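Raw contents of structure-v1.tsv, TSV, C-alpha atoms:
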chain	number	residue	atom	x	y	z
X	1	MET	CA	85.69	121.69	56.16
X	2	GLU	CA	85.11	118.00	56.34
X	3	GLY	CA	82.18	116.39	54.63
X	4	LYS	CA	79.57	114.55	56.63
X	5	LYS	CA	80.64	111.03	57.40
X	6	ASP	CA	78.83	107.89	58.38
X	7	GLY	CA	79.19	107.17	62.05
X	8	PHE	CA	78.28	104.85	64.87
X	9	LEU	CA	78.36	104.55	68.64
X	10	ALA	CA	80.87	102.45	70.53
X	11	GLY	CA	81.67	102.06	74.17
X	12	GLU	CA	81.46	100.02	77.31
X	13	ARG	CA	80.52	100.08	80.95
X	14	ARG	CA	82.16	97.50	83.17
X	15	GLY	CA	83.76	96.10	80.01
X	16	LEU	CA	80.44	95.30	78.38
X	17	LYS	CA	78.94	96.90	75.26
X	18	ILE	CA	76.36	99.57	76.01
X	19	GLU	CA	72.82	98.65	74.92
X	20	GLY	CA	71.97	100.08	71.53
X	21	PHE	CA	75.60	100.74	70.63
X	22	LYS	CA	77.10	99.11	67.54
X	23	PHE	CA	80.38	98.11	69.18
X	24	GLY	CA	81.71	97.72	72.70
X	25	ASN	CA	85.34	98.22	73.61
X	26	SER	CA	86.81	95.16	71.92
X	27	PRO	CA	89.53	96.28	69.49
X	28	LEU	CA	88.95	93.12	67.47
X	29	GLU	CA	85.54	94.45	66.38
X	30	PHE	CA	87.10	97.57	64.89
X	31	THR	CA	88.24	96.03	61.61
X	32	LYS	CA	89.24	98.12	58.62
X	33	GLU	CA	85.98	97.14	56.89
X	34	ALA	CA	83.94	98.25	59.89
X	35	VAL	CA	85.57	101.62	60.54
X	36	GLN	CA	87.26	102.98	57.42
X	37	GLY	CA	85.94	106.42	56.56
X	38	LYS	CA	83.53	106.37	59.50
X	39	GLU	CA	83.26	108.63	62.49
X	40	ILE	CA	83.07	106.71	65.78
X	41	PHE	CA	81.48	108.26	68.86
X	42	MET	CA	83.06	106.51	71.79
X	43	THR	CA	82.65	106.40	75.55
X	44	THR	CA	84.57	104.13	77.90
X	45	SER	CA	84.70	103.83	81.68
X	46	ASN	CA	88.27	105.02	82.06
X	47	GLY	CA	89.99	105.90	78.78
X	48	THR	CA	87.77	108.66	77.44
X	49	ARG	CA	87.58	110.24	80.92
X	50	ALA	CA	91.38	110.24	81.10
X	51	ILE	CA	91.46	112.13	77.80
X	52	GLU	CA	89.06	114.73	79.20
X	53	ASN	CA	91.38	115.15	82.17
X	54	ALA	CA	94.35	115.79	79.91
X	55	LEU	CA	92.89	118.46	77.67
X	56	SER	CA	95.30	121.11	78.94
X	57	ALA	CA	98.25	119.32	77.33
X	58	ASP	CA	99.94	120.93	74.33
X	59	ASN	CA	99.92	117.58	72.57
X	60	LEU	CA	97.83	114.63	73.65
X	61	TYR	CA	98.86	111.23	72.30
X	62	ILE	CA	97.11	107.91	72.79
X	63	ALA	CA	99.49	105.16	73.86
X	64	CYS	CA	99.15	101.46	74.55
X	65	TYR	CA	101.30	98.33	74.32
X	66	LEU	CA	100.69	98.24	70.57
X	67	ASN	CA	102.58	101.48	69.86
X	68	ILE	CA	105.11	101.89	72.71
X	69	SER	CA	108.13	102.49	70.49
X	70	ALA	CA	106.38	104.87	68.11
X	71	ILE	CA	104.96	106.95	70.97
X	72	SER	CA	108.32	107.02	72.78
X	73	GLU	CA	110.00	108.27	69.62
X	74	LYS	CA	107.32	110.94	69.17
X	75	LEU	CA	107.70	112.13	72.77
X	76	LEU	CA	111.47	112.32	72.45
X	77	GLU	CA	111.15	114.31	69.21
X	78	SER	CA	108.90	116.83	70.91
X	79	GLU	CA	111.61	117.72	73.46
X	80	LYS	CA	108.90	118.73	75.93
X	81	ASP	CA	108.19	117.60	79.48
X	82	VAL	CA	106.00	114.54	79.38
X	83	VAL	CA	103.16	113.53	81.67
X	84	ILE	CA	101.97	109.96	81.19
X	85	LEU	CA	98.40	109.84	82.40
X	86	CYS	CA	97.28	106.31	83.19
X	87	ALA	CA	93.54	105.91	82.81
X	88	GLY	CA	93.32	103.45	85.70
X	89	THR	CA	90.31	101.29	86.44
X	90	ASP	CA	87.36	102.68	88.37
X	91	ASP	CA	89.50	105.59	89.60
X	92	GLU	CA	92.10	103.23	91.02
X	93	PHE	CA	95.70	102.47	90.11
X	94	SER	CA	95.72	99.68	87.54
X	95	LEU	CA	98.74	97.57	86.68
X	96	ASP	CA	97.83	97.14	83.01
X	97	ASP	CA	98.30	100.77	82.06
X	98	SER	CA	100.97	101.44	84.69
X	99	LEU	CA	103.22	98.75	83.25
X	100	CYS	CA	102.66	100.25	79.79
X	101	ALA	CA	103.71	103.64	81.19
X	102	GLY	CA	106.81	102.01	82.69
X	103	MET	CA	107.68	100.51	79.33
X	104	ILE	CA	107.40	103.92	77.63
X	105	ILE	CA	109.70	105.43	80.28
X	106	LYS	CA	112.12	102.52	79.85
X	107	LYS	CA	112.13	102.96	76.08
X	108	MET	CA	112.70	106.73	76.34
X	109	SER	CA	115.44	106.32	78.92
X	110	GLU	CA	117.36	104.05	76.56
X	111	LYS	CA	117.79	107.12	74.36
X	112	ILE	CA	118.32	110.02	76.76
X	113	LYS	CA	118.88	110.58	80.47
X	114	LEU	CA	115.43	111.28	81.90
X	115	GLU	CA	114.48	113.13	85.05
X	116	ILE	CA	111.72	110.93	86.49
X	117	ASN	CA	109.56	111.21	89.60
X	118	ASP	CA	109.42	108.29	92.04
X	119	LEU	CA	106.24	106.81	90.61
X	120	GLY	CA	107.75	106.83	87.12
X	121	LEU	CA	110.92	105.34	88.53
X	122	SER	CA	108.92	102.56	90.20
X	123	LEU	CA	107.01	101.76	87.02
X	124	LYS	CA	110.23	101.73	85.03
X	125	LYS	CA	111.69	99.26	87.56
X	126	ILE	CA	108.69	96.97	87.05
X	127	ALA	CA	109.12	97.30	83.28
X	128	ASP	CA	112.85	96.59	83.56
X	129	LEU	CA	112.12	93.38	85.37
X	130	THR	CA	109.15	92.15	83.35
X	131	SER	CA	109.85	89.58	80.69
X	132	ASP	CA	106.28	88.33	80.30
X	133	ILE	CA	103.55	90.99	80.29
X	134	LYS	CA	100.70	88.51	80.41
X	135	GLU	CA	102.21	86.67	83.34
X	136	ILE	CA	102.56	89.80	85.49
X	137	LEU	CA	99.13	91.10	84.47
X	138	SER	CA	97.41	87.80	85.15
X	139	GLU	CA	97.30	88.74	88.84
X	140	SER	CA	95.92	92.22	88.22
X	141	LYS	CA	92.30	93.13	88.79
X	142	HIS	CA	91.25	94.56	85.43
X	143	TYR	CA	93.00	91.88	83.36
X	144	SER	CA	91.44	89.11	85.45
X	145	TYR	CA	88.03	90.74	85.15
X	146	LEU	CA	88.22	91.09	81.35
X	147	LYS	CA	89.37	87.49	81.10
X	148	SER	CA	86.46	86.38	83.28
X	149	ILE	CA	83.93	88.03	80.94
X	150	GLY	CA	85.41	86.36	77.87
X	151	TYR	CA	87.88	88.86	76.44
X	152	GLU	CA	90.93	86.57	76.34
X	153	ASN	CA	91.57	87.21	72.62
X	154	ASP	CA	91.41	90.96	73.18
X	155	LEU	CA	93.92	90.72	76.02
X	156	GLU	CA	96.23	88.73	73.78
X	157	TYR	CA	95.90	91.41	71.11
X	158	CYS	CA	96.20	94.40	73.46
X	159	THR	CA	99.42	93.13	75.05
X	160	THR	CA	101.20	92.76	71.70
X	161	VAL	CA	104.09	95.22	71.96
X	162	ASP	CA	104.78	97.44	68.96
X	163	ALA	CA	102.38	95.84	66.50
X	164	PHE	CA	101.92	99.32	65.02
X	165	SER	CA	104.06	102.40	64.49
X	166	ILE	CA	101.18	104.89	64.63
X	167	THR	CA	100.88	107.82	67.03
X	168	PRO	CA	97.21	108.75	67.35
X	169	PHE	CA	96.57	112.18	68.84
X	170	TYR	CA	93.54	113.93	70.27
X	171	LYS	CA	92.56	117.39	69.12
X	172	ASN	CA	89.29	119.32	69.06
X	173	GLY	CA	87.26	116.39	70.26
X	174	LYS	CA	88.68	113.82	67.87
X	175	ILE	CA	91.34	111.14	67.88
X	176	LYS	CA	93.18	111.14	64.58
X	177	LEU	CA	96.34	109.85	62.99
X	178	PRO	CA	99.08	112.26	61.90
X	179	LEU	CA	99.07	112.98	58.19
X	180	LYS	CA	101.86	111.07	56.46
B	1	MET	CA	96.57	108.49	135.23
B	2	GLU	CA	100.11	109.07	134.15
B	3	GLY	CA	102.41	111.34	136.08
B	4	LYS	CA	103.81	114.43	134.45
B	5	LYS	CA	106.87	113.66	132.38
B	6	ASP	CA	109.75	115.69	131.04
B	7	GLY	CA	109.33	116.42	127.39
B	8	PHE	CA	110.83	118.15	124.40
B	9	LEU	CA	110.02	119.20	120.84
B	10	ALA	CA	111.26	117.36	117.76
B	11	GLY	CA	110.53	117.69	114.09
B	12	GLU	CA	111.60	118.86	110.69
B	13	ARG	CA	110.56	120.83	107.66
B	14	ARG	CA	112.26	119.94	104.41
B	15	GLY	CA	114.35	117.47	106.40
B	16	LEU	CA	115.88	120.16	108.61
B	17	LYS	CA	115.37	120.62	112.34
B	18	ILE	CA	112.84	123.32	113.20
B	19	GLU	CA	114.33	126.36	114.93
B	20	GLY	CA	114.03	126.17	118.68
B	21	PHE	CA	113.33	122.42	118.68
B	22	LYS	CA	115.62	120.08	120.56
B	23	PHE	CA	115.83	117.45	117.83
B	24	GLY	CA	115.07	117.23	114.15
B	25	ASN	CA	114.01	114.05	112.42
B	26	SER	CA	117.29	112.14	112.63
B	27	PRO	CA	116.69	108.82	114.39
B	28	LEU	CA	120.33	108.77	115.45
B	29	GLU	CA	119.67	111.70	117.81
B	30	PHE	CA	116.98	109.75	119.65
B	31	THR	CA	119.29	107.69	121.85
B	32	LYS	CA	118.08	105.84	124.92
B	33	GLU	CA	119.78	108.43	127.13
B	34	ALA	CA	118.05	111.27	125.32
B	35	VAL	CA	114.51	109.90	125.26
B	36	GLN	CA	113.97	107.35	128.02
B	37	GLY	CA	111.03	108.35	130.22
B	38	LYS	CA	110.44	111.54	128.23
B	39	GLU	CA	107.46	112.68	126.26
B	40	ILE	CA	108.37	113.85	122.76
B	41	PHE	CA	106.15	116.28	120.88
B	42	MET	CA	106.83	115.67	117.22
B	43	THR	CA	105.90	117.18	113.87
B	44	THR	CA	107.23	116.05	110.52
B	45	SER	CA	106.42	117.04	106.94
B	46	ASN	CA	104.87	113.77	105.92
B	47	GLY	CA	104.82	111.14	108.67
B	48	THR	CA	102.76	112.84	111.35
B	49	ARG	CA	100.27	114.07	108.71
B	50	ALA	CA	99.87	110.49	107.46
B	51	ILE	CA	99.02	109.42	111.01
B	52	GLU	CA	96.35	112.13	111.21
B	53	ASN	CA	94.88	110.79	107.96
B	54	ALA	CA	94.67	107.28	109.35
B	55	LEU	CA	92.89	108.00	112.62
B	56	SER	CA	89.78	106.08	111.56
B	57	ALA	CA	91.71	102.79	111.64
B	58	ASP	CA	90.88	100.27	114.38
B	59	ASN	CA	94.59	99.78	114.98
B	60	LEU	CA	97.28	102.09	113.72
B	61	TYR	CA	100.81	100.71	113.64
B	62	ILE	CA	103.99	102.54	112.70
B	63	ALA	CA	106.11	100.59	110.22
B	64	CYS	CA	109.48	101.14	108.59
B	65	TYR	CA	112.34	99.04	107.24
B	66	LEU	CA	113.54	98.50	110.81
B	67	ASN	CA	110.49	96.47	111.88
B	68	ILE	CA	109.07	94.91	108.70
B	69	SER	CA	108.87	91.35	110.04
B	70	ALA	CA	107.44	92.31	113.42
B	71	ILE	CA	104.75	94.50	111.82
B	72	SER	CA	103.87	91.84	109.23
B	73	GLU	CA	103.45	89.31	112.01
B	74	LYS	CA	101.26	91.71	113.99
B	75	LEU	CA	99.06	92.42	110.95
B	76	LEU	CA	98.64	88.72	110.24
B	77	GLU	CA	97.71	88.06	113.87
B	78	SER	CA	94.99	90.72	113.72
B	79	GLU	CA	93.19	88.88	110.87
B	80	LYS	CA	91.76	92.21	109.70
B	81	ASP	CA	91.88	93.94	106.33
B	82	VAL	CA	95.02	96.02	106.14
B	83	VAL	CA	95.57	99.42	104.56
B	84	ILE	CA	99.21	100.41	104.27
B	85	LEU	CA	99.30	104.18	104.16
B	86	CYS	CA	102.54	105.50	102.70
B	87	ALA	CA	103.35	108.96	103.98
B	88	GLY	CA	104.90	110.02	100.68
B	89	THR	CA	107.00	113.12	100.22
B	90	ASP	CA	105.38	116.51	99.73
B	91	ASP	CA	102.07	114.83	98.87
B	92	GLU	CA	103.68	112.77	96.12
B	93	PHE	CA	104.35	109.07	95.71
B	94	SER	CA	107.75	108.29	97.21
B	95	LEU	CA	109.74	105.16	96.49
B	96	ASP	CA	111.29	104.93	99.97
B	97	ASP	CA	108.06	104.19	101.79
B	98	SER	CA	106.43	102.42	98.83
B	99	LEU	CA	109.22	99.86	98.70
B	100	CYS	CA	108.83	99.36	102.44
B	101	ALA	CA	105.09	98.76	101.89
B	102	GLY	CA	105.95	96.26	99.15
B	103	MET	CA	108.27	94.42	101.52
B	104	ILE	CA	105.53	94.18	104.16
B	105	ILE	CA	103.13	92.78	101.54
B	106	LYS	CA	105.82	90.34	100.38
B	107	LYS	CA	106.46	89.20	103.94
B	108	MET	CA	102.76	88.72	104.67
B	109	SER	CA	102.16	86.87	101.40
B	110	GLU	CA	104.83	84.35	102.35
B	111	LYS	CA	102.51	83.27	105.14
B	112	ILE	CA	99.01	83.49	103.67
B	113	LYS	CA	97.35	84.06	100.31
B	114	LEU	CA	96.57	87.78	100.18
B	115	GLU	CA	93.99	89.61	98.13
B	116	ILE	CA	95.92	92.68	96.95
B	117	ASN	CA	94.95	95.66	94.82
B	118	ASP	CA	97.05	96.55	91.75
B	119	LEU	CA	99.16	99.15	93.53
B	120	GLY	CA	100.00	96.68	96.28
B	121	LEU	CA	100.75	94.07	93.65
B	122	SER	CA	103.09	96.48	91.87
B	123	LEU	CA	104.93	97.36	95.07
B	124	LYS	CA	105.25	93.68	95.96
B	125	LYS	CA	106.75	93.07	92.50
B	126	ILE	CA	109.34	95.78	93.14
B	127	ALA	CA	110.07	94.24	96.54
B	128	ASP	CA	110.34	90.76	95.01
B	129	LEU	CA	112.94	92.02	92.61
B	130	THR	CA	114.95	94.25	94.93
B	131	SER	CA	118.11	92.79	96.38
B	132	ASP	CA	119.73	96.08	97.39
B	133	ILE	CA	117.43	98.68	98.97
B	134	LYS	CA	120.02	101.44	98.95
B	135	GLU	CA	120.79	100.88	95.28
B	136	ILE	CA	117.17	101.17	94.17
B	137	LEU	CA	116.51	104.14	96.47
B	138	SER	CA	119.62	105.99	95.34
B	139	GLU	CA	117.67	107.20	92.29
B	140	SER	CA	114.65	108.32	94.30
B	141	LYS	CA	113.93	111.94	95.08
B	142	HIS	CA	113.62	111.95	98.86
B	143	TYR	CA	116.60	109.66	99.45
B	144	SER	CA	118.80	111.77	97.17
B	145	TYR	CA	117.62	114.92	98.91
B	146	LEU	CA	118.36	113.62	102.42
B	147	LYS	CA	121.76	112.45	101.22
B	148	SER	CA	122.44	115.88	99.76
B	149	ILE	CA	121.76	117.59	103.10
B	150	GLY	CA	124.12	115.27	104.96
B	151	TYR	CA	121.92	112.47	106.32
B	152	GLU	CA	123.86	109.56	104.85
B	153	ASN	CA	124.27	107.84	108.24
B	154	ASP	CA	120.55	108.15	108.89
B	155	LEU	CA	119.75	106.60	105.52
B	156	GLU	CA	122.08	103.74	106.31
B	157	TYR	CA	120.33	103.25	109.64
B	158	CYS	CA	116.79	103.63	108.30
B	159	THR	CA	117.25	101.06	105.57
B	160	THR	CA	118.41	98.35	107.98
B	161	VAL	CA	115.74	95.67	107.68
B	162	ASP	CA	114.43	94.10	110.89
B	163	ALA	CA	116.87	95.67	113.32
B	164	PHE	CA	114.00	95.66	115.83
B	165	SER	CA	111.04	93.46	116.62
B	166	ILE	CA	108.87	96.23	118.06
B	167	THR	CA	105.40	97.24	116.84
B	168	PRO	CA	104.75	100.83	117.89
B	169	PHE	CA	101.11	101.87	117.71
B	170	TYR	CA	99.28	105.18	117.80
B	171	LYS	CA	96.38	105.75	120.18
B	172	ASN	CA	94.83	108.85	121.73
B	173	GLY	CA	97.48	111.15	120.34
B	174	LYS	CA	100.49	109.10	121.36
B	175	ILE	CA	102.81	106.58	119.79
B	176	LYS	CA	103.59	103.84	122.27
B	177	LEU	CA	105.02	100.35	122.42
B	178	PRO	CA	102.79	97.40	123.35
B	179	LEU	CA	103.17	96.30	126.96
B	180	LYS	CA	105.22	93.13	127.18

Turn this file's structure into structure tokens for me.
Amino acid sequence: MEGKKDGFLAGERRGLKIEGFKFGNSPLEFTKEAVQGKEIFMTTSNGTRAIENALSADNLYIACYLNISAISEKLLESEKDVVILCAGTDDEFSLDDSLCAGMIIKKMSEKIKLEINDLGLSLKKIADLTSDIKEILSESKHYSYLKSIGYENDLEYCTTVDAFSITPFYKNGKIKLPLK
Amino acid sequence: MEGKKDGFLAGERRGLKIEGFKFGNSPLEFTKEAVQGKEIFMTTSNGTRAIENALSADNLYIACYLNISAISEKLLESEKDVVILCAGTDDEFSLDDSLCAGMIIKKMSEKIKLEINDLGLSLKKIADLTSDIKEILSESKHYSYLKSIGYENDLEYCTTVDAFSITPFYKNGKIKLPLK
């Protein structure tokens, strides 16, 4: 049994903080000082819905540019079939998360021979041929939108590949880190 | 009023000719001698269903590698918004038609500045970076399958870019060529 923790609300709609919530969706707000030991109740337009849609998975990991290598390693270790569920933007295909998916596939395929469907193959091709993430994303809808509402520093941060080696997972309603 | 024409059945399921039909789906069977002046009743696993799903379009053109430039030109002339509907394979994303879509977008964007969604942008990127269609498709599911059942000559034919300058269109249940 866990003890009762302090908590707060965080989340966004159309990229903007929800009224009355402590934080929006900007990762730069979630500093160690702000979150350590706290329980965060979070809702986002695409990400948290994607998690809900993936609840039937045996293991559900949270991936982004910041932990591509760590997640790829974890998926390879599991030796299970992998579905990469891209959250998308407003229920549409979004290049930001699709390119990230392609980079995970690329990373995994450097280690073993993968059997990939055509969409995965296409995303891997884009990843193979991308040298500058920010350049390719600059034309995409969601990236341009976030930039237009002032989140340039967040975009810089979010497109930093492998800044962390953590593999957050979702279980029983919570995103946690594996115990060391 | 059109006079009554000779006709025959053509179509495939899982790439193979349907029993009792004159032709399957192999374009190499459809020679001038075989089809001129005839009405062909056709059913395919993906293509004819895609047409049914696009009936609400003002104009419905049939595109493939063989007429990319002609179709792009036609779409630009129309000055309308364009939806490129990829037929896919067994209701899944398929690289063969997606790459073709990317090449149409690429061709159109050489003439005017397009507003493209992220999926279109991704397919255009793949097209931008593809120098050898057959090489990239060789890893894809549908291409490999057709090759495995003996359609190598068809694949060679179907991936010939701009062999024709025709722009077939669908109207009132029939695919026709524009009058000269």

* To do: Return the neighbours of chain B among the residues of chain X, cut-off 10 Å, counting all atoms listed in the file, as a ChimeraX atom specification.
  => /X:88-89,92-96,98-99,115-123,125-127,129-130,136-137,139-142

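Atom CA of Leu66 of chain X lies 5.0 Å from atom CA of Ala163 of chain X.
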
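Proximity of B:Tyr157, B:Ala87, B:Lys4, B:Leu55 to Glu39 of chain B, computed with all atoms listed in the file, is greatest for B:Lys4.
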
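The space separating atom CA of Leu155 of chain X from atom CA of Tyr143 of chain X comes to 7.5 Å.
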
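When atom CA of Lys107 of chain B is paired with atom CA of Pro168 of chain B, their separation reads 18.2 Å.
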
* Residues at most 7 Å from Lys22 of chain X, counting only C-alpha atoms, excluding those fewer than 3 positions away in the same chain, as a VMD selection string? -> chain X and resid 8 to 10

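Ranking X:Ile62, X:Asn67, X:Met103, X:Gly20 by their shortest atom-to-atom distance to Ser131 of chain X, with all atoms listed in the file included, puts X:Met103 first.
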